$ cat query-v9.cif   # mmCIF, C-alpha atoms
data_target
#
loop_
_atom_site.label_atom_id
_atom_site.label_comp_id
_atom_site.auth_asym_id
_atom_site.auth_seq_id
_atom_site.Cartn_x
_atom_site.Cartn_y
_atom_site.Cartn_z
CA MET A 21 138.90 55.44 128.06
CA ILE A 22 136.28 55.83 130.80
CA THR A 23 138.23 56.20 134.03
CA THR A 24 135.56 57.03 136.61
CA TYR A 25 132.02 58.31 137.05
CA ASP A 26 129.98 60.69 139.14
CA ILE A 27 126.27 60.23 139.92
CA GLN A 28 124.22 63.26 140.97
CA ASP A 29 120.72 63.56 142.44
CA ARG A 30 119.46 66.91 141.09
CA ARG A 31 116.02 68.24 142.06
CA PHE A 32 114.30 71.44 140.97
CA PRO A 33 111.11 72.62 142.72
CA LEU A 34 108.75 74.40 140.32
CA ASN A 35 106.65 77.50 140.63
CA THR A 36 103.12 77.00 141.93
CA GLY A 37 101.07 74.99 139.49
CA ALA A 38 103.81 74.41 136.90
CA GLY A 39 104.23 70.82 135.80
CA SER A 40 100.94 69.69 137.35
CA ASP A 41 98.63 67.19 135.68
CA ALA A 42 95.67 65.00 136.62
CA ILE A 43 97.88 62.43 138.37
CA HIS A 44 101.00 64.37 139.39
CA LYS A 45 99.68 67.36 141.34
CA ASP A 46 102.92 68.70 142.88
CA PRO A 47 105.94 67.39 140.95
CA VAL A 48 109.54 68.24 141.74
CA TYR A 49 111.30 67.95 138.38
CA SER A 50 114.37 65.81 139.05
CA TYR A 51 117.22 64.13 137.23
CA ALA A 52 119.32 61.12 138.05
CA VAL A 53 122.51 62.39 136.41
CA THR A 54 125.35 60.15 135.25
CA ARG A 55 128.69 61.81 134.44
CA LEU A 56 131.26 59.53 132.77
CA LEU A 57 134.82 60.90 132.89
CA ASP A 58 137.52 59.79 130.47
CA ASP A 59 141.32 59.95 130.53
CA LYS A 60 141.34 63.12 128.41
CA GLY A 61 139.22 65.06 130.88
CA ARG A 62 136.02 64.86 128.86
CA VAL A 63 132.72 64.34 130.65
CA GLY A 64 129.70 62.58 129.18
CA THR A 65 126.44 63.60 130.84
CA GLY A 66 123.29 61.51 130.81
CA LEU A 67 119.87 62.12 132.35
CA ALA A 68 116.91 60.09 133.57
CA PHE A 69 113.83 62.02 134.65
CA THR A 70 111.71 61.57 137.77
CA ILE A 71 109.38 63.86 139.71
CA GLY A 72 111.23 63.71 143.01
CA ALA A 73 110.64 60.88 145.46
CA GLY A 74 112.77 57.86 144.61
CA ASN A 75 115.27 59.77 142.50
CA GLU A 76 118.00 58.62 144.89
CA LEU A 77 117.15 54.98 144.08
CA VAL A 78 117.66 55.61 140.38
CA CYS A 79 121.02 57.17 141.20
CA GLN A 80 122.08 54.10 143.18
CA ALA A 81 121.18 51.82 140.29
CA ALA A 82 122.98 54.08 137.80
CA ALA A 83 126.18 53.73 139.83
CA PHE A 84 125.86 49.94 139.52
CA TYR A 85 125.79 50.19 135.70
CA ALA A 86 128.42 52.92 135.40
CA GLU A 87 130.92 50.90 137.43
CA ARG A 88 130.88 48.25 134.70
CA LEU A 89 132.03 50.69 132.02
CA LYS A 90 135.27 51.74 133.70
CA GLY A 91 138.36 50.99 131.67
CA ILE A 92 136.57 50.78 128.29
CA PRO A 93 137.50 53.27 125.51
CA ILE A 94 134.36 55.08 124.34
CA GLU A 95 134.86 54.22 120.66
CA GLU A 96 135.23 50.55 121.52
CA LEU A 97 132.17 50.74 123.74
CA MET A 98 129.94 52.38 121.14
CA ALA A 99 131.09 50.19 118.25
CA ASN A 100 129.15 47.36 119.86
CA PHE A 101 126.90 49.17 122.31
CA GLY A 102 123.88 47.03 121.50
CA THR A 103 125.62 44.02 123.04
CA ILE A 104 126.66 46.05 126.10
CA PHE A 105 123.12 47.33 126.54
CA ASN A 106 121.76 43.80 126.30
CA THR A 107 124.21 42.57 128.94
CA LEU A 108 123.47 45.41 131.36
CA SER A 109 119.69 45.30 130.95
CA ASN A 110 119.69 41.54 131.54
CA GLU A 111 122.01 41.49 134.56
CA GLN A 112 120.37 38.71 136.52
CA GLN A 113 119.54 40.43 139.81
CA PHE A 114 118.60 43.82 138.38
CA ARG A 115 116.48 42.12 135.72
CA TRP A 116 114.35 40.69 138.53
CA LEU A 117 113.56 44.28 139.53
CA GLY A 118 112.26 45.05 136.02
CA PRO A 119 112.56 43.48 133.63
CA HIS A 120 113.39 46.49 131.46
CA LYS A 121 111.26 48.91 133.44
CA GLY A 122 111.11 50.94 136.63
CA ILE A 123 114.04 52.20 138.65
CA VAL A 124 116.65 49.95 137.06
CA HIS A 125 115.68 50.85 133.51
CA LEU A 126 115.62 54.57 134.29
CA ALA A 127 119.13 54.13 135.67
CA LEU A 128 120.24 52.42 132.47
CA ALA A 129 118.80 55.36 130.51
CA SER A 130 120.95 57.77 132.49
CA VAL A 131 124.12 55.76 131.85
CA THR A 132 123.30 55.07 128.19
CA ASN A 133 122.67 58.74 127.52
CA ALA A 134 125.99 59.63 129.15
CA CYS A 135 127.73 57.20 126.78
CA PHE A 136 126.19 58.86 123.72
CA ASP A 137 127.06 62.33 125.02
CA LEU A 138 130.69 61.32 125.64
CA TRP A 139 130.87 59.73 122.20
CA ALA A 140 129.70 62.94 120.51
CA LYS A 141 132.10 65.05 122.59
CA THR A 142 134.97 62.70 121.72
CA ARG A 143 134.23 63.35 118.04
CA SER A 144 133.68 67.09 118.73
CA VAL A 145 130.23 67.15 117.13
CA PRO A 146 126.66 67.65 118.34
CA LEU A 147 124.85 64.38 118.92
CA TRP A 148 122.46 64.89 115.99
CA LYS A 149 125.42 65.13 113.59
CA LEU A 150 127.15 62.08 115.07
CA LEU A 151 123.98 60.02 114.56
CA VAL A 152 123.26 61.39 111.09
CA ASP A 153 126.82 60.62 109.93
CA LEU A 154 126.78 56.99 111.12
CA SER A 155 126.30 54.24 108.54
CA PRO A 156 123.22 52.03 108.84
CA GLU A 157 125.43 49.24 110.19
CA GLU A 158 127.01 51.53 112.79
CA ILE A 159 123.60 52.72 113.98
CA VAL A 160 122.24 49.19 114.30
CA ASN A 161 125.36 48.12 116.22
CA THR A 162 124.31 50.52 119.00
CA LEU A 163 120.89 48.82 119.32
CA ASP A 164 119.57 45.85 121.28
CA LEU A 165 116.88 44.33 119.03
CA SER A 166 116.23 41.31 121.21
CA TYR A 167 112.53 40.47 121.56
CA LEU A 168 111.87 42.45 118.38
CA GLU A 169 113.01 39.78 115.93
CA ASP A 170 109.44 38.93 114.93
CA GLU A 171 109.11 42.50 113.62
CA LEU A 172 112.62 43.86 113.12
CA THR A 173 115.78 41.82 112.69
CA LYS A 174 119.22 43.38 112.50
CA GLU A 175 119.25 42.89 108.73
CA GLU A 176 115.81 44.46 108.37
CA ALA A 177 116.83 47.42 110.51
CA ILE A 178 119.91 48.06 108.35
CA ALA A 179 117.81 47.80 105.19
CA LEU A 180 115.17 50.17 106.59
CA ILE A 181 117.76 52.85 107.41
CA ALA A 182 119.45 52.40 104.02
CA ALA A 183 116.12 52.68 102.20
CA ASN A 184 115.45 56.03 103.85
CA ARG A 185 118.67 57.53 102.53
CA GLN A 186 116.68 58.72 99.53
CA GLY A 187 115.66 62.33 100.12
CA ARG A 188 118.14 62.68 102.94
CA GLN A 189 119.95 65.68 101.45
CA GLU A 190 116.70 67.59 101.05
CA ARG A 191 115.72 66.77 104.62
CA MET A 192 119.02 68.26 105.84
CA ASN A 193 117.37 71.66 105.26
CA ILE A 194 115.79 71.23 108.70
CA ILE A 195 119.18 72.16 110.20
CA GLU A 196 118.86 75.71 108.86
CA LYS A 197 115.10 75.99 109.17
CA GLY A 198 114.86 74.63 112.71
CA TYR A 199 112.40 72.16 114.23
CA THR A 200 108.93 73.40 115.13
CA GLY A 201 108.02 73.34 118.82
CA TYR A 202 104.71 73.15 120.63
CA ASP A 203 103.92 74.81 123.95
CA THR A 204 102.94 72.28 126.60
CA SER A 205 102.90 74.82 129.44
CA VAL A 206 99.80 76.80 128.48
CA GLY A 207 97.46 74.59 130.47
CA TRP A 208 99.00 72.82 133.43
CA PHE A 209 96.31 71.11 135.49
CA ASN A 210 96.48 73.44 138.50
CA TYR A 211 96.23 76.63 136.42
CA SER A 212 93.02 78.63 136.60
CA ASP A 213 90.89 79.22 133.52
CA ASP A 214 92.16 82.80 133.38
CA GLN A 215 95.78 81.59 133.50
CA VAL A 216 95.10 79.16 130.64
CA ARG A 217 93.57 81.96 128.59
CA GLU A 218 96.49 84.33 129.17
CA ASN A 219 99.08 81.58 128.57
CA CYS A 220 97.48 80.77 125.22
CA LYS A 221 97.69 84.42 124.18
CA ARG A 222 101.33 84.52 125.25
CA ALA A 223 102.15 81.31 123.34
CA ILE A 224 100.63 82.71 120.16
CA ALA A 225 102.55 85.96 120.60
CA ASN A 226 105.74 83.88 120.94
CA GLY A 227 105.14 82.21 117.59
CA PHE A 228 103.66 78.88 118.68
CA THR A 229 100.96 77.45 116.45
CA ALA A 230 100.47 74.29 118.54
CA MET A 231 99.78 73.90 122.26
CA LYS A 232 98.60 71.35 124.82
CA LEU A 233 96.08 71.36 127.66
CA LYS A 234 96.03 69.05 130.68
CA VAL A 235 92.67 67.31 131.21
CA GLY A 236 91.47 64.51 133.49
CA SER A 237 89.48 66.54 136.02
CA ALA A 238 87.09 64.88 138.47
CA ASP A 239 84.44 67.07 136.82
CA PRO A 240 84.46 66.41 133.05
CA LEU A 241 82.71 69.72 132.46
CA ARG A 242 85.88 71.48 133.64
CA ASP A 243 87.89 69.69 130.94
CA ILE A 244 85.34 70.53 128.28
CA ARG A 245 85.19 74.21 129.31
CA ARG A 246 88.97 74.61 129.39
CA ALA A 247 89.42 72.82 126.06
CA HIS A 248 87.03 75.25 124.43
CA ILE A 249 88.89 78.17 126.01
CA VAL A 250 92.11 77.06 124.33
CA ARG A 251 90.36 76.54 121.01
CA GLU A 252 88.65 79.92 121.25
CA VAL A 253 91.88 81.79 121.99
CA ALA A 254 94.10 79.82 119.61
CA GLY A 255 91.63 79.79 116.72
CA ASP A 256 90.51 77.06 114.37
CA GLN A 257 93.83 76.90 112.52
CA ALA A 258 95.92 76.14 115.62
CA THR A 259 96.88 72.60 116.61
CA VAL A 260 95.52 71.79 120.07
CA MET A 261 96.35 68.58 121.96
CA LEU A 262 94.71 67.22 125.12
CA ASP A 263 96.60 65.21 127.75
CA ALA A 264 94.79 63.12 130.41
CA ASN A 265 97.98 61.67 131.97
CA GLN A 266 96.36 58.21 132.41
CA GLN A 267 93.55 59.50 134.62
CA TRP A 268 90.51 57.97 132.90
CA THR A 269 89.23 54.42 132.95
CA LEU A 270 88.25 53.13 129.52
CA PRO A 271 84.49 53.83 130.01
CA GLN A 272 85.32 57.35 131.19
CA ALA A 273 87.67 57.93 128.25
CA LEU A 274 85.11 56.71 125.74
CA ALA A 275 82.47 59.06 127.15
CA ILE A 276 84.50 62.24 127.55
CA CYS A 277 86.42 61.89 124.29
CA GLN A 278 83.12 61.95 122.43
CA GLU A 279 82.31 65.23 124.18
CA LEU A 280 85.74 66.68 123.46
CA LYS A 281 85.48 65.95 119.74
CA ALA A 282 83.56 69.21 119.33
CA MET A 283 86.70 71.31 119.87
CA ASN A 284 88.68 69.24 117.32
CA PRO A 285 91.74 68.07 119.28
CA PHE A 286 94.76 66.97 117.25
CA TRP A 287 95.27 64.08 119.66
CA VAL A 288 94.18 62.79 123.06
CA GLU A 289 97.28 61.82 125.04
CA GLU A 290 97.61 59.07 127.65
CA PRO A 291 93.84 58.60 127.93
CA THR A 292 94.05 55.60 130.26
CA HIS A 293 96.48 53.23 132.02
CA PRO A 294 99.65 52.82 129.88
CA ASP A 295 99.77 49.04 130.41
CA ASP A 296 96.24 48.57 129.00
CA ILE A 297 97.10 48.20 125.33
CA VAL A 298 93.71 46.70 124.44
CA ALA A 299 91.92 49.69 125.96
CA HIS A 300 94.01 52.01 123.79
CA LYS A 301 93.05 49.95 120.75
CA ILE A 302 89.34 50.15 121.61
CA LEU A 303 89.59 53.91 122.14
CA THR A 304 91.65 54.40 118.98
CA ASP A 305 88.91 52.79 116.92
CA ALA A 306 86.08 54.56 118.77
CA ILE A 307 87.27 58.17 118.50
CA ALA A 308 88.70 58.13 114.97
CA PRO A 309 89.61 60.31 113.13
CA ILE A 310 90.97 61.89 116.33
CA LYS A 311 94.22 60.12 117.18
CA VAL A 312 95.44 58.63 120.44
CA ALA A 313 98.97 59.58 121.55
CA MET A 314 100.90 57.45 124.03
CA GLY A 315 104.36 56.52 125.23
CA GLU A 316 105.38 58.84 128.05
CA HIS A 317 105.04 56.00 130.57
CA VAL A 318 105.80 53.06 128.27
CA PRO A 319 109.18 51.79 129.52
CA ASN A 320 110.59 49.58 126.77
CA ARG A 321 110.67 48.61 123.12
CA ILE A 322 108.71 45.38 123.61
CA LEU A 323 105.59 47.15 124.84
CA PHE A 324 105.89 49.70 122.04
CA LYS A 325 106.06 46.78 119.61
CA ASN A 326 102.79 45.44 121.01
CA TYR A 327 101.08 48.83 120.68
CA LEU A 328 102.15 49.00 117.05
CA GLN A 329 101.17 45.42 116.30
CA LEU A 330 97.64 46.06 117.60
CA GLY A 331 97.27 49.43 115.89
CA ALA A 332 96.64 51.00 119.29
CA ALA A 333 98.40 54.36 118.79
CA GLY A 334 98.25 57.25 116.34
CA PHE A 335 101.32 59.02 117.71
CA VAL A 336 104.21 57.49 119.67
CA GLN A 337 105.76 59.66 122.40
CA VAL A 338 108.77 57.54 123.30
CA ASP A 339 111.03 59.39 125.76
CA ALA A 340 114.79 58.74 125.83
CA VAL A 341 114.95 59.53 129.56
CA ARG A 342 112.19 56.96 130.29
CA VAL A 343 113.10 53.98 128.06
CA GLY A 344 116.68 52.72 128.16
CA GLY A 345 118.15 55.87 126.64
CA VAL A 346 119.14 56.91 123.11
CA SER A 347 119.77 53.31 122.03
CA GLU A 348 116.28 52.05 122.86
CA PHE A 349 114.71 55.28 121.59
CA ILE A 350 116.20 54.60 118.15
CA ALA A 351 114.99 50.99 118.20
CA VAL A 352 111.44 52.19 118.92
CA SER A 353 111.75 54.88 116.27
CA LEU A 354 112.71 52.26 113.69
CA LEU A 355 109.67 50.16 114.61
CA CYS A 356 107.46 53.22 114.21
CA ARG A 357 109.01 53.98 110.82
CA LYS A 358 108.19 50.45 109.68
CA TYR A 359 104.57 50.92 110.76
CA GLY A 360 104.27 54.48 109.45
CA ILE A 361 103.46 55.93 112.88
CA PRO A 362 104.83 59.41 113.72
CA VAL A 363 107.24 59.82 116.64
CA VAL A 364 106.60 62.96 118.72
CA PRO A 365 108.72 62.49 121.87
CA HIS A 366 107.70 63.34 125.38
CA VAL A 367 110.46 65.58 126.74
CA GLY A 368 111.27 64.62 130.30
CA ASP A 369 114.67 66.11 129.53
CA MET A 370 112.96 69.46 128.69
CA GLY A 371 113.88 68.94 125.05
CA GLN A 372 117.65 69.12 125.55
CA LEU A 373 118.42 65.61 124.27
CA HIS A 374 115.33 65.18 122.13
CA GLN A 375 116.11 68.19 119.94
CA HIS A 376 118.99 66.04 118.63
CA LEU A 377 116.95 62.86 118.29
CA VAL A 378 114.10 64.37 116.27
CA LEU A 379 116.64 65.72 113.79
CA PHE A 380 118.09 62.22 113.42
CA ASN A 381 114.58 60.78 113.09
CA HIS A 382 113.75 63.17 110.27
CA ILE A 383 117.05 63.27 108.39
CA SER A 384 118.17 59.64 108.66
CA LEU A 385 114.93 57.72 109.15
CA GLY A 386 112.55 59.84 107.10
CA HIS A 387 110.08 60.55 109.90
CA GLU A 388 107.90 63.57 109.27
CA ALA A 389 109.13 66.68 111.11
CA LEU A 390 105.91 67.44 112.99
CA PHE A 391 106.88 69.29 116.18
CA LEU A 392 108.63 68.80 119.51
CA GLU A 393 107.26 69.54 122.95
CA HIS A 394 108.68 72.61 124.68
CA ILE A 395 108.76 72.96 128.48
CA PRO A 396 110.82 75.98 129.63
CA HIS A 397 110.87 75.52 133.40
CA LEU A 398 114.46 74.22 133.79
CA LYS A 399 116.24 76.25 131.11
CA SER A 400 118.33 78.19 133.60
CA HIS A 401 119.91 74.99 134.93
CA PHE A 402 121.55 73.88 131.65
CA VAL A 403 124.92 74.97 130.29
CA HIS A 404 123.48 75.03 126.76
CA PRO A 405 119.70 75.36 127.12
CA VAL A 406 117.45 74.83 124.14
CA VAL A 407 116.88 77.91 122.02
CA ILE A 408 113.35 78.59 120.78
CA GLU A 409 112.75 81.49 118.41
CA ASN A 410 109.29 82.26 117.07
CA GLY A 411 108.08 78.84 118.16
CA VAL A 412 110.96 76.98 116.47
CA TYR A 413 113.87 75.02 117.99
CA ARG A 414 117.16 76.34 116.66
CA THR A 415 119.66 73.58 115.84
CA PRO A 416 122.24 73.00 118.60
CA MET A 417 125.84 73.20 117.37
CA GLU A 418 127.82 72.51 120.54
CA ALA A 419 129.50 69.12 120.88
CA GLY A 420 127.46 66.55 122.79
CA SER A 421 123.78 66.10 123.62
CA SER A 422 123.11 69.46 125.36
CA CYS A 423 122.56 67.75 128.74
CA ASP A 424 125.30 69.31 130.88
CA LEU A 425 123.83 70.92 133.97
CA ILE A 426 125.23 74.02 135.67
#

$ encode --input "query-v9.cif" --output "structure tokens"
Amino acid sequence: MITTYDIQDRRFPLNTGAGSDAIHKDPVYSYAVTRLLDDKGRVGTGLAFTIGAGNELVCQAAAFYAERLKGIPIEELMANFGTIFNTLSNEQQFRWLGPHKGIVHLALASVTNACFDLWAKTRSVPLWKLLVDLSPEEIVNTLDLSYLEDELTKEEAIALIAANRQGRQERMNIIEKGYTGYDTSVGWFNYSDDQVRENCKRAIANGFTAMKLKVGSADPLRDIRRAHIVREVAGDQATVMLDANQQWTLPQALAICQELKAMNPFWVEEPTHPDDIVAHKILTDAIAPIKVAMGEHVPNRILFKNYLQLGAAGFVQVDAVRVGGVSEFIAVSLLCRKYGIPVVPHVGDMGQLHQHLVLFNHISLGHEALFLEHIPHLKSHFVHPVVIENGVYRTPMEAGSSCDLI
């Protein structure tokens, strides 16, 4: 059973320019870390991601949630985790601080992810295998589907998972083949044009066929110039994404996206404020066939439901260290599967946890195996860092979710 817990505030300053975007110019990549200890000496590690200031507040909230899990055996906890998640996320005073968003929800993500890590370690399997081996009923029992009943009841969720069992054995080949990555570090916002050019060449040499550029400059001509640099270096066959990190207003996004069409972006990511669902819908219709990608700053399943209901997203980038952890990630992924929208997670965890979740998405839910973002800046801080070979994530085989920090 869970006997105690340890909460850690871990912060990692980056090299000059790394991690920068149009909004976040000087991030300090940080984790609110929850470590759940059981009576056998096992430790479940969970992460929530911030960029520095306020990380200590997430840690304080995580301690509040973790305290409530003491004395519960992990198998008992996870057999009905959806109910536990619902209770914690609706705790009356913390709910006032959300609901289901902000500091308190990030804290719940950290604790939830620690629970899933401990569960996988208890069964001595990597998290992807634990999830893939669960029955549809067992998966749904880990989910809180409240406020989704108009789109996805418990019975419908079970039926959706069961229906996607067809072709599952063939999709297991991804374990040997590996999951394709894309390089998101070629074009951080603060990098010079020459750095972007050289980083693109390096990414191609390392086997990446997809890469992403940060846009959202005060001068749109800078964005256009840099986008064409990436396209020129990468070639017409490469997949190139653009990420504005919420910087544009809708009129600005409409104008510049028309200009950026010429370099054929695969998607335009976070083009405007993440709470403005209608603006995303307007832009989605206006720039088709180019797709809008969103989700990095969408905090919960209810808002994702609304995006899907309005047809306001072409790719969903739900992040398990931003929403309420693995449990809510899976709920969102099921909604996306119902709507036929691809899930391409944002990796605030640097891909450690998400390398497991995309395998589950593909094998168990039938999502297309597109690619997973790769950000290498914190690799040296993990016990089992992600392994990328020739642009492909190799399947993790260690027990747990790969989130233990050194």

$ residues_around --input "query-v9.cif" --residues "A:Asp26" --least-positions-apart "3" --cutoff "9 Å" --atoms "all atoms listed in the file" --output "list in words"
Val53, Thr54, Arg55, Leu56, Leu57, Ala83 and Ala86 of chain A

$ closest_residue --input "query-v9.cif" --among "A:Val336, A:Leu108, A:Ile43, A:Val412" --to "A:Phe228" --atoms "only C-alpha atoms"
A:Val412

$ atom_distance --input "query-v9.cif" --atom1 "atom CA of A:Asn210" --atom2 "atom CA of A:His44"
10.2 Å

$ atom_distance --input "query-v9.cif" --atom1 "atom CA of A:Tyr25" --atom2 "atom CA of A:Glu87"
7.5 Å

$ resolve_selection --input "query-v9.cif" --expression "the PyMOL selection byres ((chain A and resi 368) around 12)" --output "compact mmCIF listing (two decimals) with C-alpha atoms, in the coordinates of the input"
# COMPACT_ATOMS: atom_id res chain seq x y z
CA GLY A 39 104.23 70.82 135.80
CA TYR A 49 111.30 67.95 138.38
CA SER A 50 114.37 65.81 139.05
CA TYR A 51 117.22 64.13 137.23
CA ALA A 52 119.32 61.12 138.05
CA LEU A 67 119.87 62.12 132.35
CA ALA A 68 116.91 60.09 133.57
CA PHE A 69 113.83 62.02 134.65
CA THR A 70 111.71 61.57 137.77
CA ILE A 71 109.38 63.86 139.71
CA LEU A 126 115.62 54.57 134.29
CA ALA A 129 118.80 55.36 130.51
CA THR A 204 102.94 72.28 126.60
CA GLY A 315 104.36 56.52 125.23
CA GLU A 316 105.38 58.84 128.05
CA HIS A 317 105.04 56.00 130.57
CA GLN A 337 105.76 59.66 122.40
CA VAL A 338 108.77 57.54 123.30
CA ASP A 339 111.03 59.39 125.76
CA ALA A 340 114.79 58.74 125.83
CA VAL A 341 114.95 59.53 129.56
CA ARG A 342 112.19 56.96 130.29
CA VAL A 343 113.10 53.98 128.06
CA GLY A 345 118.15 55.87 126.64
CA PRO A 365 108.72 62.49 121.87
CA HIS A 366 107.70 63.34 125.38
CA VAL A 367 110.46 65.58 126.74
CA ASP A 369 114.67 66.11 129.53
CA MET A 370 112.96 69.46 128.69
CA GLY A 371 113.88 68.94 125.05
CA GLN A 372 117.65 69.12 125.55
CA LEU A 373 118.42 65.61 124.27
CA HIS A 374 115.33 65.18 122.13
CA GLN A 375 116.11 68.19 119.94
CA LEU A 392 108.63 68.80 119.51
CA GLU A 393 107.26 69.54 122.95
CA HIS A 394 108.68 72.61 124.68
CA ILE A 395 108.76 72.96 128.48
CA PRO A 396 110.82 75.98 129.63
CA HIS A 397 110.87 75.52 133.40
CA LEU A 398 114.46 74.22 133.79
CA CYS A 423 122.56 67.75 128.74

$ closest_residue --input "query-v9.cif" --among "A:Val403, A:Ile361, A:Ala223, A:Leu180" --to "A:Gly420" --atoms "only C-alpha atoms"
A:Val403

$ closest_residue --input "query-v9.cif" --among "A:Cys220, A:Ser347, A:Met283, A:Val145" --to "A:Thr103" --atoms "all atoms listed in the file"
A:Ser347

$ residues_around --input "query-v9.cif" --residues "A:Pro285" --least-positions-apart "3" --cutoff "7 Å" --atoms "all atoms listed in the file" --output "list of chain:residue names"
A:Val260, A:Met261, A:Leu262, A:Lys281, A:Val288, A:Ile310

$ atom_distance --input "query-v9.cif" --atom1 "atom CA of A:Arg188" --atom2 "atom CA of A:Ser384"
6.5 Å

$ closest_residue --input "query-v9.cif" --among "A:Ala182, A:Ile92, A:Ile276, A:Val352" --to "A:Lys325" --atoms "all atoms listed in the file"
A:Val352

$ closest_atom_pairs --input "query-v9.cif" --of "stretch 251-291 of chain A" --to "stretch 300-303 of chain A" --cutoff "8 Å" --atoms "only C-alpha atoms" --output "Markdown table"
| residue | atom | partner | partner_atom | distance |
| --- | --- | --- | --- | --- |
| A:Leu270 | CA | A:Leu303 | CA | 7.5 |
| A:Ala273 | CA | A:Leu303 | CA | 7.6 |
| A:Leu274 | CA | A:Leu303 | CA | 6.4 |
| A:Pro291 | CA | A:His300 | CA | 7.8 |

$ resolve_selection --input "query-v9.cif" --expression "the PyMOL selection byres ((chain A and resi 176) around 12)" --output "PyMOL selection string"
chain A and resi 156-157+160+165+168-175+177-183+351+354-355+357-358

$ closest_residue --input "query-v9.cif" --among "A:Val250, A:Met231, A:Val124, A:Ala99" --to "A:Leu154" --atoms "all atoms listed in the file"
A:Ala99

$ resolve_selection --input "query-v9.cif" --expression "the PyMOL selection byres ((chain A and resi 146) around 12)" --output "PyMOL selection string"
chain A and resi 136-145+147-153+195+372-373+375-377+379-380+404+415-423

$ residues_around --input "query-v9.cif" --residues "stretch 233-240 of chain A" --least-positions-apart "5" --cutoff "6 Å" --atoms "all atoms listed in the file" --output "list in words"
Asp41, Ala42, Gly207, Trp208, Phe209, Leu262, Asp263, Ala264 and Gln267 of chain A

$ closest_residue --input "query-v9.cif" --among "A:His382, A:Glu196, A:Leu34, A:Thr23" --to "A:Val63" --atoms "all atoms listed in the file"
A:Thr23

$ axis_aligned_box --input "query-v9.cif" --around "stretch 187-202 of chain A" --padding-each-side "5 Å" --output "AutoDock Vina command-line options"
--center_x 112.3 --center_y 69.2 --center_z 110.4 --size_x 25.2 --size_y 23.7 --size_z 30.5

$ residues_near_point --input "query-v9.cif" --point "(115.6, 65.2, 106.3)" --cutoff "9 Å" --atoms "all atoms listed in the file" --output "PyMOL selection string"
chain A and resi 187-195+379-389

$ residues_near_point --input "query-v9.cif" --point "(119.0, 43.7, 137.6)" --cutoff "10 Å" --atoms "all atoms listed in the file" --output "list of chain:residue names"
A:Ala81, A:Phe84, A:Tyr85, A:Leu108, A:Ser109, A:Asn110, A:Glu111, A:Gln112, A:Gln113, A:Phe114, A:Arg115, A:Trp116, A:Leu117, A:Gly118, A:Pro119, A:His120, A:Ile123, A:Val124, A:His125

$ write_last_selection --input "query-v9.cif" --atoms "C-alpha atoms" --output "mmCIF file, keeping the file's coordinate frame"
data_model
loop_
_atom_site.group_PDB
_atom_site.id
_atom_site.type_symbol
_atom_site.label_atom_id
_atom_site.label_comp_id
_atom_site.auth_asym_id
_atom_site.auth_seq_id
_atom_site.Cartn_x
_atom_site.Cartn_y
_atom_site.Cartn_z
ATOM 1 C CA ALA A 81 121.180 51.820 140.290
ATOM 2 C CA PHE A 84 125.860 49.940 139.520
ATOM 3 C CA TYR A 85 125.790 50.190 135.700
ATOM 4 C CA LEU A 108 123.470 45.410 131.360
ATOM 5 C CA SER A 109 119.690 45.300 130.950
ATOM 6 C CA ASN A 110 119.690 41.540 131.540
ATOM 7 C CA GLU A 111 122.010 41.490 134.560
ATOM 8 C CA GLN A 112 120.370 38.710 136.520
ATOM 9 C CA GLN A 113 119.540 40.430 139.810
ATOM 10 C CA PHE A 114 118.600 43.820 138.380
ATOM 11 C CA ARG A 115 116.480 42.120 135.720
ATOM 12 C CA TRP A 116 114.350 40.690 138.530
ATOM 13 C CA LEU A 117 113.560 44.280 139.530
ATOM 14 C CA GLY A 118 112.260 45.050 136.020
ATOM 15 C CA PRO A 119 112.560 43.480 133.630
ATOM 16 C CA HIS A 120 113.390 46.490 131.460
ATOM 17 C CA ILE A 123 114.040 52.200 138.650
ATOM 18 C CA VAL A 124 116.650 49.950 137.060
ATOM 19 C CA HIS A 125 115.680 50.850 133.510
#

$ residues_around --input "query-v9.cif" --residues "A:Asp59" --least-positions-apart "6" --cutoff "10 Å" --atoms "all atoms listed in the file" --output "number ranges by chain"
A: 21-24, 91, 93
